[in-house]
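Working notes, beginning with the structure itself.
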2 protein chains.
Amino acid sequence: MSFIKHGVLLAAVFLLTQPTYAGDRDARRTAEAIEDTALADGWAYDFLRALSSQVGPRLAGTPAMARGLDFSEAQLKALSLDDVHREPFPMTAWLRGPESAAILDPAPQELVIAGLGGSIATPASGITAPIALFPRYADLLAAAPGSLSGKIAVVTERMTRAADSTNYRSVNPMRRAGPSEAAKRGAVAYLLRSLGTDSHRLAHAGALDYEPDVPRIPAAALSGPDADQLERLAANGNVRLKLVLRPRIDPNAHSANLVAEIKGRERPDEIVLIGAHLDSWDLGTGAVDDGIGVAIVTGAARLIQRLPVHPKRTLRLVLFGAEEMEFSGAAYAAAHASEAPHIVLAAESDFGIGPVERAAIPQGAAQTEFGHDLHRALRRLDAELDDAPALYSGSDVHPLHKLGVPLALLRQNGLTYFDIHHSADDTFDKVDPNALRQCVAAWAAFAYLAAENDIDFRKNTP
Amino acid sequence: MSFIKHGVLLAAVFLLTQPTYAGDRDARRTAEAIEDTALADGWAYDFLRALSSQVGPRLAGTPAMARGLDFSEAQLKALSLDDVHREPFPMTAWLRGPESAAILDPAPQELVIAGLGGSIATPASGITAPIALFPRYADLLAAAPGSLSGKIAVVTERMTRAADSTNYRSVNPMRRAGPSEAAKRGAVAYLLRSLGTDSHRLAHAGALDYEPDVPRIPAAALSGPDADQLERLAANGNVRLKLVLRPRIDPNAHSANLVAEIKGRERPDEIVLIGAHLDSWDLGTGAVDDGIGVAIVTGAARLIQRLPVHPKRTLRLVLFGAEEMEFSGAAYAAAHASEAPHIVLAAESDFGIGPVERAAIPQGAAQTEFGHDLHRALRRLDAELDDAPALYSGSDVHPLHKLGVPLALLRQNGLTYFDIHHSADDTFDKVDPNALRQCVAAWAAFAYLAAENDIDFRKNTP
């Protein structure tokens with residue numbers, strides 16, 4: 001076979017394996033141009049530097065969060081986005097107070113802890129009690145009612161590293177449900193090993209969920225090395241701790257979701273919603289969780305706003321104002337319930353540091369022209385489109401999903417995310433500018449293609 | 001040339017390049033046997049686990065250090081070492097109190113700091129002042145007298161990573177001398193970026209040296225990310241901080257050096273001294289600095305004690321009781337000045353995590369039988385003996401060196417040591433059990449060979 005014949009055959013095979021439709025060539029080209037611009041653009045990184053230093057931590061319901069809203073609103077207006085406005089909502093704020101923990105016996109020493117969001121306070125003089133230590137959460141659940149009476153329950157199970165959120169979700173009940181499970185068994189307080197994958201003396205914050213009709217007990221997370229220390233000492237004999245947690249609850253706090261749009265040129269009443277959360281835990285500066293998400297979706301909206309022609313559908317940007325304590329998604333869905341049928345797709349960016357590796361869109365959409373165009377755009381960024389549909393995309397858009405809004409999910413690599421998640425180490429130096437640019441590129445291409453498309457994502461949605 | 005002739009030539013070259021003496025074959029064999037035992041032995045790791053958990057932090061002059069002395073004395077006695085005793089000394093203790101720092105303008109947020117050992121306190125209400133930020137320590141030194149009047153001086157120079165202590169020594173004046181240098185220029189307080197190579201929200205403690213006749217100002221170290229944050233904000237405009245440091249000075253404190261011996265079988269009045277420091281900073285648990293050193297030298301002494309025949313010279317183990325605030329070495333040298341001529345060699349283990357990579361002994365000794373035997377023993381552990389002499393071996397044995405005592409130094413790899421040095425991250429999980437076993441092997445072989453030898457290390461000492 002001559003080289004020429006060989007070449008002709010290869011060309012034929014190539015053509016035969018191509019999709020049988022062309023897609024929207026202009027949209028595809030525009031998406032690629034947006035990606036190229038994003039990959040060379042430092043705006044999101046600069047924005048994030050400013051947000052995480054000129055504002056810093058942004059605990060929902062505090063003056064710090066109010067500054068975060070002021071700062072971000074000014075930024076959105078400076079980008080000439082349409083209809084920049086706040087949608088305020090009431091919330092109960094949890095405000096960290098003085099907190100400390102120490103081993104009293106057998107070897108007096110300080111422990112590094114972080115009170116859990118929503119935890120009640122101890123008395124000002126603290127709680128002093130022996131511990132009952134469980135190396136696994138299942139061991140606590142297996143303990144008999146009353147067996148922890150007068151004790152501080154301590155669970156030291158480890159969260160292991162993974163690229164996705166599987167492991168975080170599997171240990172999450174330790175933090176969410178652990179306090180009430182310990183209380184049911186008589187415990188006077190609850191400590192858990194931080195849900196994190198690092199080994200530093202930094203505790204990871206996070207919210208708890210008290211069960212109704214169960215006594216509420218104070219609860220906090222230990223740093224990993226402190227959990228190790230308690231394991232070693234408990235293996236050797238009795239351990240007595242003192243725990244002081246003095247948070248304050250403000251039932252009359254408020255926050256707001258910050259909204260901006262790029263009005264659709266053809267079907268402005270059809271809305272592609274992209275979001276992230278502006279609030280953060282108080283220990284770090286919210287650079288990663290979820291400053292990166294805010295920078296990604298805002299950076300994506302900025303690139304689409306700067307196009308000579310806006311997409312057909314409206315692109316709506318929502319910076320949610322109280323994700324960590326789970327108020328903002330419910331508030332948004334309640335305020336927009338009647339509009340939900342017009343929200344054609346919703347996606348939230350809230351997974352930290354790494355590049356986008358995989359995306360998922362509503363059931364069946366991967367096989368459409370839109371899906372193929374998106375896949376092609378993602379492949380240029382070393383990411384893939386899954387066939388499996390997106391069933392979750394972030395806690396702020398989930399209430400919309402319950403109202404029937406289809407979801408998309410752009411999964412970032414999270415291998416190191418839980419090293420710093422919810423801890424004091426969530427600072428700007430942890431941000432990888434290259435990964436951030438790739439994320440903006442992926443989100444901008446995705447949002448543009450979804451807004452420029454006619455596809456009805458609900459068609460195949462269960 | 002035939003292969004046979006070639007082989008004969010090679011053999012001849014080999015013989016000609018061998019040392020012209022055989023060394024003490026029995027001593028060499030014993031050293032190798034000690035190494036093999038050490039490499040298979042978990043005693044030092046178990047001891048260190050117990051010390052760093054059942055005692056924990058051991059700040060000199062505190063009840064915690066007293067517990068450390070009790071614990072260690074009991075351990076030394078259990079090892080059947082000779083003449084286990086304490087040598088108490090008075091000291092001024094510096095006791096950390098409540099401390100905090102916060103940015104007030106332009107973006108209120110907490111900073112992570114650690115007061116420097118020896119620092120005076122601020123008023124209870126703290127010091128509130130604008131900052132003058134210097135990206136390099138030399139910039140502060142170049143500032144004119146009076147130019148920092150009413151300001152908090154902040155130096156944000158970075159310590160970079162190295163396998164040895166070169167970089168630590170080069171930035172050390174930032175912490176030691178910085179407070180007085182800032183005060184000379186009018187500053188009301190002093191902050192520096194922690195001398196450390198990590199990027200976590202953990203500050204690294206350490207002592208300062210106030211200059212006589214210069215006003216004393218409060219001083220603390222910032223975590224790396226907090227120093228970054230101040231750099232970003234200062235680049236953008238004025239920054240105002242509040243600093244609260246409430247340490248307490250106890251001029252009537254005391255500590256002790258803990259001593260044990262293995263009496264020499266032939267020349268018991270000649271002493272090979274190996275030491276490490278038992279005290280630690282308060283933020284971590286002193287597992288690495290210098291729990292590892294204590295475990296290494298005690299582990300080495302234990303292996304030599306268990307030999308069927310003790311070495312010719314006396315091996316003396318000294319666990320120093322106040323290295324971090326620099327009291328124990330001076331106290332030891334003062335108490336043993338008249339004995340100094342009988343201390344034939346002194347060495348301190350105080351460089352953390354890594355394996356021994358290089359050793360240095362007194363001038364000229366590398367070329368002796370002892371040097372060759374030691375080199376051979378070290379090579380079995382992937383370590384080398386330097387030709388250059390040991391000029392320093394640790395701050396506790398340096399006062400002895402000034403009295404004429406020759407030094408030896410076993411250098412460990414310190415590439416990651418300054419990630420955790422003096423910080424809360426100095427915990428047992430950071431200890432590498434394999435490196436620890438190798439260190440015990442190297443120290444035990446070294447100490448045995450030095451004590452079994454006749455060499456006069458002073459002969460060539462300047």
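Letters for chains follow the order of the structure tokens (A, B, ...), residue numbers begin at 1 for each chain, and ligand numbers begin at 1 in the order shown.
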Distance limit 6 Å, atoms considered: only C-alpha atoms. Which chain A residues sit that close to chain B? Return them as a JSON list (two decimals) with all heavy atoms, in the first residue's frame.
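selection.json written:
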```
[["chain", "number", "residue", "atom", "x", "y", "z"],
["A", 54, "GLN", "N", -8.39, 42.55, 50.76],
["A", 54, "GLN", "CA", -9.06, 43.82, 51.09],
["A", 54, "GLN", "C", -10.37, 43.60, 51.83],
["A", 54, "GLN", "O", -10.89, 44.52, 52.47],
["A", 54, "GLN", "CB", -9.25, 44.65, 49.84],
["A", 54, "GLN", "CG", -7.93, 45.21, 49.32],
["A", 54, "GLN", "CD", -8.06, 45.79, 47.92],
["A", 54, "GLN", "OE1", -9.06, 46.39, 47.58],
["A", 54, "GLN", "NE2", -7.03, 45.59, 47.10],
["A", 55, "VAL", "N", -10.92, 42.39, 51.73],
["A", 55, "VAL", "CA", -12.07, 42.03, 52.58],
["A", 55, "VAL", "C", -11.63, 40.99, 53.61],
["A", 55, "VAL", "O", -11.77, 41.19, 54.81],
["A", 55, "VAL", "CB", -13.26, 41.51, 51.75],
["A", 55, "VAL", "CG1", -14.41, 41.15, 52.69],
["A", 55, "VAL", "CG2", -13.69, 42.54, 50.71],
["A", 107, "ALA", "N", -1.60, 14.66, 81.22],
["A", 107, "ALA", "CA", -0.47, 15.50, 80.83],
["A", 107, "ALA", "C", -1.02, 16.83, 80.34],
["A", 107, "ALA", "O", -1.39, 16.97, 79.18],
["A", 107, "ALA", "CB", 0.33, 14.82, 79.71],
["A", 200, "HIS", "N", -1.74, 19.24, 60.10],
["A", 200, "HIS", "CA", -1.26, 20.46, 60.75],
["A", 200, "HIS", "C", -2.13, 20.78, 61.97],
["A", 200, "HIS", "O", -3.23, 20.28, 62.11],
["A", 200, "HIS", "CB", -1.25, 21.61, 59.77],
["A", 200, "HIS", "CG", -0.36, 21.34, 58.59],
["A", 200, "HIS", "ND1", 1.00, 21.24, 58.72],
["A", 200, "HIS", "CD2", -0.64, 21.08, 57.30],
["A", 200, "HIS", "CE1", 1.53, 20.94, 57.55],
["A", 200, "HIS", "NE2", 0.56, 20.83, 56.66],
["A", 201, "ARG", "N", -1.58, 21.63, 62.84],
["A", 201, "ARG", "CA", -2.30, 22.00, 64.07],
["A", 201, "ARG", "C", -3.33, 23.08, 63.74],
["A", 201, "ARG", "O", -3.34, 24.17, 64.33],
["A", 201, "ARG", "CB", -1.33, 22.50, 65.13],
["A", 201, "ARG", "CG", -0.34, 21.47, 65.64],
["A", 201, "ARG", "CD", -0.92, 20.36, 66.49],
["A", 201, "ARG", "NE", -1.48, 20.74, 67.77],
["A", 201, "ARG", "CZ", -0.78, 21.08, 68.84],
["A", 201, "ARG", "NH1", 0.54, 21.17, 68.80],
["A", 201, "ARG", "NH2", -1.38, 21.36, 69.97],
["A", 425, "ASP", "N", -5.99, 27.88, 57.13],
["A", 425, "ASP", "CA", -5.07, 27.83, 55.99],
["A", 425, "ASP", "C", -5.73, 28.18, 54.66],
["A", 425, "ASP", "O", -5.06, 28.12, 53.62],
["A", 425, "ASP", "CB", -4.47, 26.42, 55.88],
["A", 425, "ASP", "CG", -2.98, 26.41, 56.21],
["A", 425, "ASP", "OD1", -2.41, 27.51, 56.39],
["A", 425, "ASP", "OD2", -2.41, 25.32, 56.28]]
```
Exercise for the section: Write down as a ChimeraX atom specification the residues of segment 41-196 of chain B whose backbone DSSP state falls under helix (DSSP H, G or I). Expected result: /B:43-55,63-78,137-142,166-176,178-184
Exercise for the section: With a distance cut-off of 12 Å and only C-alpha atoms, select the neighbouring residues of Asp26 of chain A, excluding the residue or stretch itself and same-chain residues fewer than 4 positions from it, and output the selection as a list of chain:residue names. Expected result: A:Ala22, A:Thr30, A:Ala31, A:Glu32, A:Ala33, A:Val309, A:Pro311, A:Asp373, A:Tyr448, A:Leu449, A:Glu452, A:Asn453
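Residues with any atom within 9 Å of Ala38 of chain A, counting only C-alpha atoms and excluding same-chain neighbours fewer than 2 positions away, are Ala33, Ile34, Glu35, Asp36, Ala40, Asp41, Gly42, Trp43, Gly299, Ala300, Leu303, Arg437, Gln438, Cys439, Val440, Ala441, Ala442 and Ala444 of chain A.
In the backbone-derived DSSP annotation, strand (DSSP E) within segment 119-223 of chain A comprises Ile127, Thr128, Ala129, Pro130, Ile131, Ala132, Leu133, Phe134, Ile152, Ala153, Val154, Val155, Ala189, Tyr190, Leu191, Leu192, Arg193, Ala219, Ala220, Ala221 and Leu222 of chain A.
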Resulting file, chosen residues, C-alpha atoms, as a PDB file, in the first residue's frame:
```pdb
ATOM      1  CA  ILE A 127     -16.990  21.865  80.765  1.00  0.00           C
ATOM      2  CA  THR A 128     -14.520  19.608  82.546  1.00  0.00           C
ATOM      3  CA  ALA A 129     -15.056  15.898  82.062  1.00  0.00           C
ATOM      4  CA  PRO A 130     -13.366  12.620  81.214  1.00  0.00           C
ATOM      5  CA  ILE A 131     -13.427  11.568  77.584  1.00  0.00           C
ATOM      6  CA  ALA A 132     -14.827   8.504  75.885  1.00  0.00           C
ATOM      7  CA  LEU A 133     -12.796   8.054  72.706  1.00  0.00           C
ATOM      8  CA  PHE A 134     -14.044   6.265  69.588  1.00  0.00           C
ATOM      9  CA  ILE A 152     -16.977  14.269  76.460  1.00  0.00           C
ATOM     10  CA  ALA A 153     -17.373  12.020  73.434  1.00  0.00           C
ATOM     11  CA  VAL A 154     -14.369  12.134  71.081  1.00  0.00           C
ATOM     12  CA  VAL A 155     -14.413  10.584  67.599  1.00  0.00           C
ATOM     13  CA  ALA A 189     -19.861  17.632  74.848  1.00  0.00           C
ATOM     14  CA  TYR A 190     -18.574  16.327  71.534  1.00  0.00           C
ATOM     15  CA  LEU A 191     -15.220  16.535  69.788  1.00  0.00           C
ATOM     16  CA  LEU A 192     -14.293  15.066  66.441  1.00  0.00           C
ATOM     17  CA  ARG A 193     -11.124  14.864  64.398  1.00  0.00           C
ATOM     18  CA  ALA A 219     -19.251  20.552  69.810  1.00  0.00           C
ATOM     19  CA  ALA A 220     -15.890  21.315  68.236  1.00  0.00           C
ATOM     20  CA  ALA A 221     -13.347  19.890  65.791  1.00  0.00           C
ATOM     21  CA  LEU A 222      -9.806  18.951  66.854  1.00  0.00           C
TER      22      LEU A 222
END
```
Exercise for the section: Name the residues in contact with Gly61 of chain B at a cut-off of 12 Å, using only C-alpha atoms, excluding same-chain residues fewer than 5 positions from it; report them as a ChimeraX atom specification. Expected result: /B:66-69,88-96,248-257,278-282,321-325,327-328
Exercise for the section: Excluding segment 136-138 of chain A and any residue of its chain fewer than 3 positions from it, enumerate the residues within 10 Å of it, using only C-alpha atoms, and give them as a ChimeraX atom specification. Expected result: /A:133,141-143,154-158,171,173-175,178,181,192
